[in-house]
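Source file entry-v5.cif; content: mmCIF, C-alpha atoms.
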```cif
data_data
#
loop_
_atom_site.label_atom_id
_atom_site.label_comp_id
_atom_site.auth_asym_id
_atom_site.auth_seq_id
_atom_site.Cartn_x
_atom_site.Cartn_y
_atom_site.Cartn_z
CA MET A 1 -40.81 -146.97 46.51
CA ILE A 2 -43.08 -148.75 44.02
CA VAL A 3 -45.75 -146.66 42.35
CA ASP A 4 -49.36 -147.78 42.79
CA SER A 5 -50.68 -147.66 39.23
CA PHE A 6 -54.30 -147.62 40.35
CA LYS A 7 -54.15 -145.10 43.17
CA PHE A 8 -56.27 -142.51 41.40
CA LEU A 9 -58.48 -144.85 39.37
CA PRO A 10 -62.05 -145.70 40.43
CA ARG A 11 -62.01 -149.27 41.75
CA THR A 12 -64.61 -150.45 39.26
CA PHE A 13 -62.36 -149.36 36.37
CA ARG A 14 -59.36 -151.42 37.47
CA PRO A 15 -60.37 -154.61 35.65
CA LEU A 16 -60.58 -152.62 32.42
CA TYR A 17 -56.80 -152.07 32.59
CA GLU A 18 -55.25 -154.74 34.78
CA GLY A 19 -54.35 -158.24 33.62
CA ARG A 20 -55.33 -157.71 30.01
CA GLY A 21 -51.85 -158.46 28.69
CA VAL A 22 -50.52 -157.35 25.33
CA PHE A 23 -52.58 -156.31 22.37
CA PRO A 24 -52.92 -159.09 19.75
CA GLY A 25 -49.99 -158.96 17.37
CA GLU A 26 -47.78 -157.01 19.79
CA GLU A 27 -46.26 -159.97 21.64
CA ALA A 28 -42.72 -159.31 20.41
CA GLN A 29 -40.39 -157.18 22.51
CA VAL A 30 -39.42 -153.91 20.83
CA TRP A 31 -36.05 -152.47 21.78
CA ALA A 32 -33.75 -149.90 20.26
CA PRO A 33 -30.64 -148.91 22.23
CA PHE A 34 -30.11 -145.17 22.57
CA GLN A 35 -26.86 -144.70 20.72
CA LYS A 36 -26.07 -140.99 21.07
CA ARG A 37 -25.25 -138.85 24.05
CA LEU A 38 -28.30 -137.07 25.42
CA ALA A 39 -26.45 -133.75 25.10
CA GLU A 40 -26.16 -134.39 21.36
CA SER A 41 -29.70 -135.65 20.87
CA ARG A 42 -32.87 -133.98 19.66
CA ILE A 43 -35.85 -134.86 21.84
CA ALA A 44 -39.59 -134.67 21.16
CA LEU A 45 -42.61 -135.00 23.43
CA LEU A 46 -45.94 -136.69 22.75
CA THR A 47 -48.89 -136.05 25.03
CA SER A 48 -52.29 -137.71 25.00
CA ALA A 49 -53.95 -134.74 26.74
CA GLY A 50 -55.79 -133.63 23.60
CA PHE A 51 -54.11 -130.26 22.98
CA HIS A 52 -54.62 -128.30 19.77
CA LEU A 53 -53.80 -124.80 18.58
CA LYS A 54 -56.99 -122.83 19.12
CA ARG A 55 -56.56 -120.51 16.14
CA SER A 56 -55.37 -122.85 13.45
CA GLN A 57 -56.27 -126.46 14.25
CA PRO A 58 -59.57 -128.30 14.66
CA THR A 59 -60.37 -129.73 18.05
CA PHE A 60 -60.48 -133.49 18.43
CA ASP A 61 -63.91 -134.73 17.39
CA LEU A 62 -65.89 -134.94 20.61
CA GLU A 63 -69.29 -134.82 18.93
CA ARG A 64 -68.69 -138.13 17.23
CA GLU A 65 -67.45 -139.63 20.49
CA GLN A 66 -70.60 -138.41 22.26
CA ALA A 67 -72.64 -140.19 19.58
CA ASN A 68 -70.45 -143.29 19.58
CA PRO A 69 -68.88 -143.77 23.05
CA ASP A 70 -66.65 -146.65 21.91
CA TRP A 71 -64.87 -144.39 19.42
CA GLY A 72 -62.10 -141.83 20.07
CA ASP A 73 -60.62 -139.39 17.57
CA PRO A 74 -57.40 -141.02 16.27
CA THR A 75 -55.93 -137.91 14.60
CA TRP A 76 -52.92 -135.94 15.87
CA ARG A 77 -51.77 -132.33 16.10
CA ALA A 78 -48.31 -130.81 15.67
CA ILE A 79 -47.67 -128.37 18.51
CA PRO A 80 -44.87 -125.80 17.89
CA ALA A 81 -42.27 -125.91 20.66
CA GLY A 82 -42.71 -122.20 21.26
CA ALA A 83 -46.50 -122.22 21.57
CA MET A 84 -47.71 -120.29 24.59
CA PRO A 85 -50.30 -121.61 27.07
CA ASP A 86 -53.02 -119.22 25.87
CA GLU A 87 -52.63 -120.56 22.32
CA LEU A 88 -53.60 -124.09 23.38
CA GLY A 89 -57.04 -125.61 23.70
CA ILE A 90 -58.00 -129.06 24.95
CA ALA A 91 -60.58 -131.54 23.75
CA HIS A 92 -60.69 -134.55 26.09
CA LEU A 93 -63.84 -135.86 27.76
CA HIS A 94 -62.07 -138.15 30.24
CA ILE A 95 -60.11 -135.72 32.38
CA ASN A 96 -60.68 -132.36 34.04
CA ASP A 97 -58.87 -129.80 31.89
CA GLU A 98 -58.60 -126.95 34.42
CA ASP A 99 -55.02 -127.66 35.54
CA LEU A 100 -53.97 -128.48 31.97
CA LEU A 101 -55.20 -125.12 30.70
CA ALA A 102 -53.68 -123.29 33.67
CA ASP A 103 -50.28 -124.88 33.03
CA PRO A 104 -49.93 -127.08 29.93
CA GLU A 105 -46.39 -127.99 31.05
CA ILE A 106 -47.90 -130.59 33.40
CA ALA A 107 -48.63 -132.71 30.32
CA LEU A 108 -46.42 -131.22 27.63
CA PRO A 109 -43.33 -129.66 29.23
CA MET A 110 -41.95 -128.22 26.01
CA HIS A 111 -40.70 -124.96 27.56
CA LEU A 112 -38.95 -126.90 30.30
CA LEU A 113 -37.41 -129.16 27.66
CA SER A 114 -36.21 -126.06 25.80
CA GLU A 115 -34.57 -124.86 29.04
CA LEU A 116 -32.79 -128.21 29.32
CA ALA A 117 -31.59 -127.76 25.76
CA THR A 118 -30.26 -124.28 26.61
CA GLU A 119 -28.44 -125.79 29.60
CA GLY A 120 -26.96 -128.51 27.40
CA VAL A 121 -28.71 -131.41 29.15
CA VAL A 122 -30.23 -132.36 25.80
CA GLY A 123 -28.89 -131.39 22.42
CA GLY A 124 -32.10 -129.81 21.20
CA THR A 125 -35.83 -130.15 20.93
CA ALA A 126 -38.17 -130.93 18.08
CA ALA A 127 -39.52 -127.82 16.40
CA GLU A 128 -42.95 -129.39 16.75
CA HIS A 129 -44.10 -131.77 19.45
CA VAL A 130 -47.13 -134.05 19.12
CA ALA A 131 -50.55 -134.09 20.75
CA VAL A 132 -53.17 -136.83 20.54
CA MET A 133 -56.35 -137.54 22.46
CA GLY A 134 -55.83 -140.54 24.68
CA TYR A 135 -59.20 -142.24 24.57
CA GLN A 136 -59.07 -144.60 21.58
CA ASP A 137 -61.01 -147.36 19.92
CA ARG A 138 -59.82 -150.66 21.39
CA SER A 139 -58.89 -152.08 17.99
CA LEU A 140 -56.38 -149.21 17.44
CA ARG A 141 -56.73 -149.83 13.71
CA ASP A 142 -56.57 -146.18 12.68
CA TRP A 143 -53.62 -145.71 14.99
CA ARG A 144 -51.67 -148.59 13.45
CA GLU A 145 -52.51 -147.77 9.85
CA ARG A 146 -52.35 -143.99 9.86
CA THR A 147 -51.66 -142.07 13.06
CA ALA A 148 -48.49 -143.82 14.20
CA PRO A 149 -46.86 -143.88 10.72
CA GLU A 150 -47.66 -140.17 10.24
CA VAL A 151 -46.29 -139.20 13.65
CA ILE A 152 -43.13 -141.23 13.11
CA ALA A 153 -42.58 -139.65 9.69
CA HIS A 154 -43.07 -136.18 11.19
CA LEU A 155 -40.52 -136.86 13.91
CA ARG A 156 -38.00 -138.33 11.47
CA GLU A 157 -38.33 -135.29 9.20
CA GLN A 158 -37.29 -133.19 12.18
CA GLY A 159 -34.27 -135.38 12.94
CA VAL A 160 -35.63 -136.48 16.32
CA ASP A 161 -33.44 -138.98 18.18
CA GLY A 162 -35.75 -139.77 21.09
CA LEU A 163 -39.41 -139.43 22.01
CA ILE A 164 -40.98 -139.22 25.44
CA LEU A 165 -44.55 -140.55 25.46
CA ALA A 166 -46.62 -138.90 28.17
CA PRO A 167 -50.02 -140.44 28.82
CA ALA A 168 -52.58 -138.06 30.24
CA MET B 1 -48.99 -142.94 35.73
CA MET B 2 -49.97 -146.59 35.28
CA PRO B 3 -46.54 -148.21 34.97
CA SER B 4 -47.77 -151.73 35.67
CA VAL B 5 -50.14 -151.40 32.70
CA ALA B 6 -47.25 -150.15 30.54
CA GLU B 7 -45.29 -153.24 31.66
CA GLU B 8 -48.16 -155.54 30.66
CA ARG B 9 -48.27 -153.85 27.25
CA LEU B 10 -44.49 -154.41 26.85
CA ALA B 11 -43.37 -150.78 26.76
CA PRO B 12 -39.58 -150.82 26.38
CA ARG B 13 -38.79 -148.04 28.89
CA ILE B 14 -41.09 -146.92 31.69
CA ILE B 15 -41.08 -144.37 34.45
CA GLY B 16 -43.61 -144.66 37.24
CA LEU B 17 -45.17 -141.49 38.61
CA GLU B 18 -47.86 -141.67 41.29
CA PHE B 19 -49.69 -138.63 40.00
CA PRO B 20 -53.39 -138.21 39.12
CA PHE B 21 -54.51 -138.41 35.51
CA GLY B 22 -53.89 -135.28 33.47
CA HIS B 23 -50.73 -134.49 35.46
CA ALA B 24 -48.01 -136.59 33.82
CA PHE B 25 -45.16 -134.34 34.95
CA GLY B 26 -46.53 -132.91 38.19
CA MET B 27 -48.42 -130.08 39.83
CA PRO B 28 -49.32 -126.93 37.86
CA HIS B 29 -46.62 -124.26 38.13
CA ASP B 30 -44.35 -126.53 40.20
CA ARG B 31 -41.28 -126.39 37.98
CA VAL B 32 -39.13 -128.35 40.44
CA MET B 33 -41.52 -131.33 40.39
CA GLN B 34 -41.97 -131.12 36.62
CA ARG B 35 -38.22 -131.00 36.11
CA ARG B 36 -37.62 -134.05 38.33
CA SER B 37 -40.17 -136.00 36.26
CA LEU B 38 -38.81 -134.89 32.88
CA GLU B 39 -35.18 -135.46 33.85
CA LEU B 40 -36.00 -138.98 35.05
CA ALA B 41 -37.74 -139.69 31.75
CA LEU B 42 -34.69 -138.44 29.85
CA ARG B 43 -32.31 -140.51 31.99
CA VAL B 44 -34.34 -143.67 31.39
CA LEU B 45 -34.68 -142.89 27.68
CA ALA B 46 -30.94 -142.51 27.20
CA GLY B 47 -29.58 -144.70 29.98
CA ALA B 48 -31.69 -147.87 30.02
CA THR B 49 -29.63 -150.83 28.89
CA LYS B 50 -32.31 -153.45 28.55
CA PHE B 51 -35.92 -153.99 27.53
CA ALA B 52 -38.67 -153.16 30.06
CA THR B 53 -36.51 -150.97 32.26
CA ARG B 54 -38.78 -149.32 34.83
CA VAL B 55 -37.83 -146.63 37.31
CA ASP B 56 -40.37 -145.15 39.73
CA LEU B 57 -40.12 -141.60 41.02
CA ASP B 58 -40.33 -141.32 44.80
CA VAL B 59 -42.53 -138.24 44.96
CA GLU B 60 -45.82 -138.15 46.85
CA TRP B 61 -48.68 -136.12 45.35
CA PRO B 62 -49.02 -133.15 47.72
CA VAL B 63 -52.83 -133.16 47.79
CA PRO B 64 -55.01 -135.37 50.03
CA LEU B 65 -56.02 -138.50 48.11
CA ARG B 66 -59.78 -137.93 48.25
CA GLU B 67 -59.40 -134.38 46.95
CA ALA B 68 -56.93 -135.37 44.22
CA TYR B 69 -59.12 -138.31 43.19
CA ARG B 70 -62.07 -135.99 42.64
CA ALA B 71 -60.07 -133.17 41.06
CA TRP B 72 -58.74 -135.03 38.01
CA GLN B 73 -62.14 -136.34 36.93
CA PRO B 74 -64.23 -134.51 34.33
CA LYS B 75 -67.19 -132.50 35.52
CA GLU B 76 -69.51 -134.83 33.62
CA PRO B 77 -68.99 -138.57 33.07
CA SER B 78 -67.38 -139.37 29.73
CA PRO B 79 -69.64 -140.98 27.11
CA ILE B 80 -68.23 -144.46 27.71
CA VAL B 81 -68.63 -144.15 31.48
CA ARG B 82 -72.18 -142.91 31.02
CA LYS B 83 -72.85 -145.89 28.74
CA LEU B 84 -71.41 -148.34 31.30
CA LEU B 85 -73.44 -146.80 34.12
CA GLU B 86 -76.63 -146.96 32.07
CA SER B 87 -75.86 -150.54 31.09
CA ARG B 88 -75.39 -151.57 34.74
CA LYS B 89 -78.55 -149.74 35.73
CA SER B 90 -80.65 -151.46 33.10
CA GLY B 91 -79.11 -154.84 33.93
CA ALA B 92 -79.84 -154.47 37.65
#
```
Represent the supplied structure as structure tokens.
Amino acid sequence: MIVDSFKFLPRTFRPLYEGRGVFPGEEAQVWAPFQKRLAESRIALLTSAGFHLKRSQPTFDLEREQANPDWGDPTWRAIPAGAMPDELGIAHLHINDEDLLADPEIALPMHLLSELATEGVVGGTAAEHVAVMGYQDRSLRDWRERTAPEVIAHLREQGVDGLILAPA
Amino acid sequence: MMPSVAEERLAPRIIGLEFPFGHAFGMPHDRVMQRRSLELALRVLAGATKFATRVDLDVEWPVPLREAYRAWQPKEPSPIVRKLLESRKSGA
């Protein structure tokens, strides 16, 4: 079975994604073999669903995006692995957030990952996973210069061996 | 959810899931579906032996397409979609 990448996308949007190739400067293949056993590895999750902690973190900046539709907030949020669903808010103008608020595990399955750690499938989980908002400026300049280096440093500080990127 | 786009962008490891946007791991409260998705991602993360490994999950979204297509979309068009629609309208 081969997944249809465009099954749920409006037909008029397809050319915005298909056949555009690699981003300039990213033509080289990037590959790092996974050296450790999964059962000895610490795993982190990154979602682009736009989660934040309602009580302690700012939302992603939707006002600026409303004023400048070509721009998307490039910042990131650290989400504690034990955060409960009612602690999470969402700021994302491109998807319906009802299911995400009802069950954040559909985008950020950190409690399920913790269960897999308890079962010994993975060695452990990051203490803090990562949330970003997936709609971004096409140049990705802020992402290259700031967001990605900060996220990588945060994951390395936690001793993370592998990261699962989950687009929303 | 758009594995062919991930392939074009040269992602090193990819899993394909035919799920609507906002539902990377499956249906709300369906732990079995979510677990199948997460375990596949972990297997590909740790087990892929070469660049651009892609594995698709053979799970059909259990909601009629028309309903699922409408359900994932925001209640109001996003700013960029609104801008594109206005641009087409003014160009017509």
- Write out as a ChimeraX atom specification the residues lying within 8 Å of Trp72 (chain B), counting all atoms listed in the file and excluding same-chain residues fewer than 3 positions away. /A:95-96 /B:20-22,68-69
- Could the residues of chain A within 8 Å of chain B, counting only C-alpha atoms, be given as a PyMOL selection string, please? chain A and resi 1-9+17-23+27+29-31+33-38+49+65-66+68-70+93-97+99-100+102-107+109+112-113+162+164+166-168
Residues as selected, C-alpha atoms, written as a short mmCIF file (atom, residue, chain, number, x, y, z; two decimals), in the coordinates of the input, can you do that?
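again29.cif was written with the following content:
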```cif
data_model
loop_
_atom_site.label_atom_id
_atom_site.label_comp_id
_atom_site.auth_asym_id
_atom_site.auth_seq_id
_atom_site.Cartn_x
_atom_site.Cartn_y
_atom_site.Cartn_z
CA MET A 1 -40.81 -146.97 46.51
CA ILE A 2 -43.08 -148.75 44.02
CA VAL A 3 -45.75 -146.66 42.35
CA ASP A 4 -49.36 -147.78 42.79
CA SER A 5 -50.68 -147.66 39.23
CA PHE A 6 -54.30 -147.62 40.35
CA LYS A 7 -54.15 -145.10 43.17
CA PHE A 8 -56.27 -142.51 41.40
CA LEU A 9 -58.48 -144.85 39.37
CA TYR A 17 -56.80 -152.07 32.59
CA GLU A 18 -55.25 -154.74 34.78
CA GLY A 19 -54.35 -158.24 33.62
CA ARG A 20 -55.33 -157.71 30.01
CA GLY A 21 -51.85 -158.46 28.69
CA VAL A 22 -50.52 -157.35 25.33
CA PHE A 23 -52.58 -156.31 22.37
CA GLU A 27 -46.26 -159.97 21.64
CA GLN A 29 -40.39 -157.18 22.51
CA VAL A 30 -39.42 -153.91 20.83
CA TRP A 31 -36.05 -152.47 21.78
CA PRO A 33 -30.64 -148.91 22.23
CA PHE A 34 -30.11 -145.17 22.57
CA GLN A 35 -26.86 -144.70 20.72
CA LYS A 36 -26.07 -140.99 21.07
CA ARG A 37 -25.25 -138.85 24.05
CA LEU A 38 -28.30 -137.07 25.42
CA ALA A 49 -53.95 -134.74 26.74
CA GLU A 65 -67.45 -139.63 20.49
CA GLN A 66 -70.60 -138.41 22.26
CA ASN A 68 -70.45 -143.29 19.58
CA PRO A 69 -68.88 -143.77 23.05
CA ASP A 70 -66.65 -146.65 21.91
CA LEU A 93 -63.84 -135.86 27.76
CA HIS A 94 -62.07 -138.15 30.24
CA ILE A 95 -60.11 -135.72 32.38
CA ASN A 96 -60.68 -132.36 34.04
CA ASP A 97 -58.87 -129.80 31.89
CA ASP A 99 -55.02 -127.66 35.54
CA LEU A 100 -53.97 -128.48 31.97
CA ALA A 102 -53.68 -123.29 33.67
CA ASP A 103 -50.28 -124.88 33.03
CA PRO A 104 -49.93 -127.08 29.93
CA GLU A 105 -46.39 -127.99 31.05
CA ILE A 106 -47.90 -130.59 33.40
CA ALA A 107 -48.63 -132.71 30.32
CA PRO A 109 -43.33 -129.66 29.23
CA LEU A 112 -38.95 -126.90 30.30
CA LEU A 113 -37.41 -129.16 27.66
CA GLY A 162 -35.75 -139.77 21.09
CA ILE A 164 -40.98 -139.22 25.44
CA ALA A 166 -46.62 -138.90 28.17
CA PRO A 167 -50.02 -140.44 28.82
CA ALA A 168 -52.58 -138.06 30.24
#
```
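In this model, the gap between CA of Leu101 (chain A) and CA of Gly89 (chain A) comes to 7.3 Å.
The spacing separating CA of Glu86 (chain B) from CA of Ala91 (chain A) amounts to 23.8 Å.
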- Note on the structure: Computed gap from CA of Thr147 (chain A) to CA of Gln57 (chain A) is 16.3 Å
Contact residues around Gly50 (chain A) with all atoms listed in the file at 8 Å, ignoring same-chain residues under 5 positions, as a short mmCIF file (atom, residue, chain, number, x, y, z; two decimals) with C-alpha atoms, in the frame of the given file:
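Contents of around.cif, freshly written:
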```cif
data_model
loop_
_atom_site.label_atom_id
_atom_site.label_comp_id
_atom_site.auth_asym_id
_atom_site.auth_seq_id
_atom_site.Cartn_x
_atom_site.Cartn_y
_atom_site.Cartn_z
CA PHE A 60 -60.48 -133.49 18.43
CA ILE A 90 -58.00 -129.06 24.95
CA ALA A 91 -60.58 -131.54 23.75
CA HIS A 92 -60.69 -134.55 26.09
CA ALA A 131 -50.55 -134.09 20.75
CA VAL A 132 -53.17 -136.83 20.54
CA MET A 133 -56.35 -137.54 22.46
CA GLY A 134 -55.83 -140.54 24.68
#
```
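When only C-alpha atoms are used to measure the gap to Ala148 (chain A), the shortest distance among A:Ala117, A:Val130, A:Met110, A:Ile79 belongs to A:Val130.
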- List, as a list of chain:residue names, every residue that the PyMOL selection byres ((chain A and resi 80) around 6) selects in the file provided. A:Ile79, A:Ala81, A:Gly82, A:Ala83, A:Ala127, A:Glu128
- Item | Selection result for the PyMOL selection byres ((chain A and resi 154) around 12) on this file, as an MDAnalysis selection string | chainID A and resid 44 46 76:79 126:130 147:153 155:160 163
Evaluate the PyMOL selection byres ((chain A and resi 40) around 9) against this structure - the residues, as a tab-separated table (two decimals) with C-alpha atoms, in the coordinates of the input, please.
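Saved the output as part34.tsv:
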```
chain	number	residue	atom	x	y	z
A	36	LYS	CA	-26.07	-140.99	21.07
A	37	ARG	CA	-25.25	-138.85	24.05
A	38	LEU	CA	-28.30	-137.07	25.42
A	39	ALA	CA	-26.45	-133.75	25.10
A	41	SER	CA	-29.70	-135.65	20.87
A	42	ARG	CA	-32.87	-133.98	19.66
A	120	GLY	CA	-26.96	-128.51	27.40
A	121	VAL	CA	-28.71	-131.41	29.15
A	122	VAL	CA	-30.23	-132.36	25.80
A	123	GLY	CA	-28.89	-131.39	22.42
A	124	GLY	CA	-32.10	-129.81	21.20
```
Please enclose the listed atoms of region 5-20 of chain A in an axis-aligned box, pad each side by 3 Å, and write out the centre and the three edge lengths in Å, rounded to one decimal, as JSON.
```
{"center_x": -57.6, "center_y": -150.4, "center_z": 36.6, "size_x": 19.9, "size_y": 21.7, "size_z": 19.2}
```
Using the structure block above, produce a file of region 63-91 of chain B that contains N, CA and C atoms, as a compact mmCIF listing (two decimals), in the first residue's frame.
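Here's the written file result05.txt:
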```txt
# COMPACT_ATOMS: atom_id res chain seq x y z
N VAL B 63 -12.92 7.37 8.62
CA VAL B 63 -13.95 8.39 8.48
C VAL B 63 -14.13 8.63 6.98
N PRO B 64 -15.37 8.75 6.50
CA PRO B 64 -15.56 9.01 5.06
C PRO B 64 -14.72 10.21 4.60
N LEU B 65 -14.16 10.09 3.39
CA LEU B 65 -13.20 11.10 2.91
C LEU B 65 -13.75 12.52 2.96
N ARG B 66 -14.98 12.71 2.47
CA ARG B 66 -15.52 14.07 2.42
C ARG B 66 -15.62 14.67 3.82
N GLU B 67 -16.04 13.84 4.77
CA GLU B 67 -16.18 14.31 6.15
C GLU B 67 -14.80 14.61 6.76
N ALA B 68 -13.85 13.72 6.53
CA ALA B 68 -12.50 13.91 7.08
C ALA B 68 -11.82 15.12 6.46
N TYR B 69 -12.05 15.31 5.18
CA TYR B 69 -11.47 16.44 4.44
C TYR B 69 -11.94 17.77 5.02
N ARG B 70 -13.23 17.82 5.36
CA ARG B 70 -13.76 19.05 5.96
C ARG B 70 -13.31 19.22 7.39
N ALA B 71 -13.21 18.10 8.12
CA ALA B 71 -13.01 18.17 9.58
C ALA B 71 -11.65 18.72 9.97
N TRP B 72 -10.61 18.48 9.18
CA TRP B 72 -9.27 18.92 9.60
C TRP B 72 -9.06 20.42 9.36
N GLN B 73 -9.91 21.01 8.50
CA GLN B 73 -9.64 22.39 8.09
C GLN B 73 -10.13 23.39 9.15
N PRO B 74 -9.41 24.50 9.29
CA PRO B 74 -9.82 25.50 10.29
C PRO B 74 -11.19 26.09 9.96
N LYS B 75 -11.82 26.60 10.99
CA LYS B 75 -13.18 27.14 10.78
C LYS B 75 -13.15 28.35 9.85
N GLU B 76 -12.07 29.10 9.91
CA GLU B 76 -11.91 30.24 9.01
C GLU B 76 -10.64 30.02 8.19
N PRO B 77 -10.62 30.49 6.95
CA PRO B 77 -9.40 30.33 6.14
C PRO B 77 -8.20 30.99 6.82
N SER B 78 -7.05 30.37 6.70
CA SER B 78 -5.84 30.96 7.27
C SER B 78 -5.52 32.26 6.53
N PRO B 79 -4.71 33.12 7.11
CA PRO B 79 -4.39 34.39 6.44
C PRO B 79 -3.82 34.22 5.04
N ILE B 80 -2.96 33.23 4.84
CA ILE B 80 -2.36 33.07 3.51
C ILE B 80 -3.39 32.56 2.51
N VAL B 81 -4.31 31.71 2.96
CA VAL B 81 -5.36 31.23 2.06
C VAL B 81 -6.30 32.37 1.71
N ARG B 82 -6.62 33.17 2.72
CA ARG B 82 -7.48 34.33 2.46
C ARG B 82 -6.82 35.27 1.43
N LYS B 83 -5.52 35.47 1.61
CA LYS B 83 -4.78 36.34 0.69
C LYS B 83 -4.79 35.77 -0.74
N LEU B 84 -4.59 34.45 -0.86
CA LEU B 84 -4.60 33.82 -2.19
C LEU B 84 -5.98 33.93 -2.83
N LEU B 85 -7.02 33.71 -2.02
CA LEU B 85 -8.38 33.79 -2.57
C LEU B 85 -8.69 35.21 -3.03
N GLU B 86 -8.28 36.19 -2.23
CA GLU B 86 -8.53 37.58 -2.60
C GLU B 86 -7.74 37.95 -3.86
N SER B 87 -6.53 37.41 -3.95
CA SER B 87 -5.68 37.69 -5.10
C SER B 87 -6.31 37.12 -6.38
N ARG B 88 -6.84 35.88 -6.28
CA ARG B 88 -7.48 35.27 -7.45
C ARG B 88 -8.73 36.04 -7.85
N LYS B 89 -9.46 36.48 -6.82
CA LYS B 89 -10.71 37.19 -7.07
C LYS B 89 -10.43 38.51 -7.81
N SER B 90 -9.41 39.22 -7.33
CA SER B 90 -9.11 40.51 -7.95
C SER B 90 -8.49 40.35 -9.33
N GLY B 91 -7.85 39.19 -9.56
CA GLY B 91 -7.23 38.95 -10.86
C GLY B 91 -8.23 38.43 -11.89
```
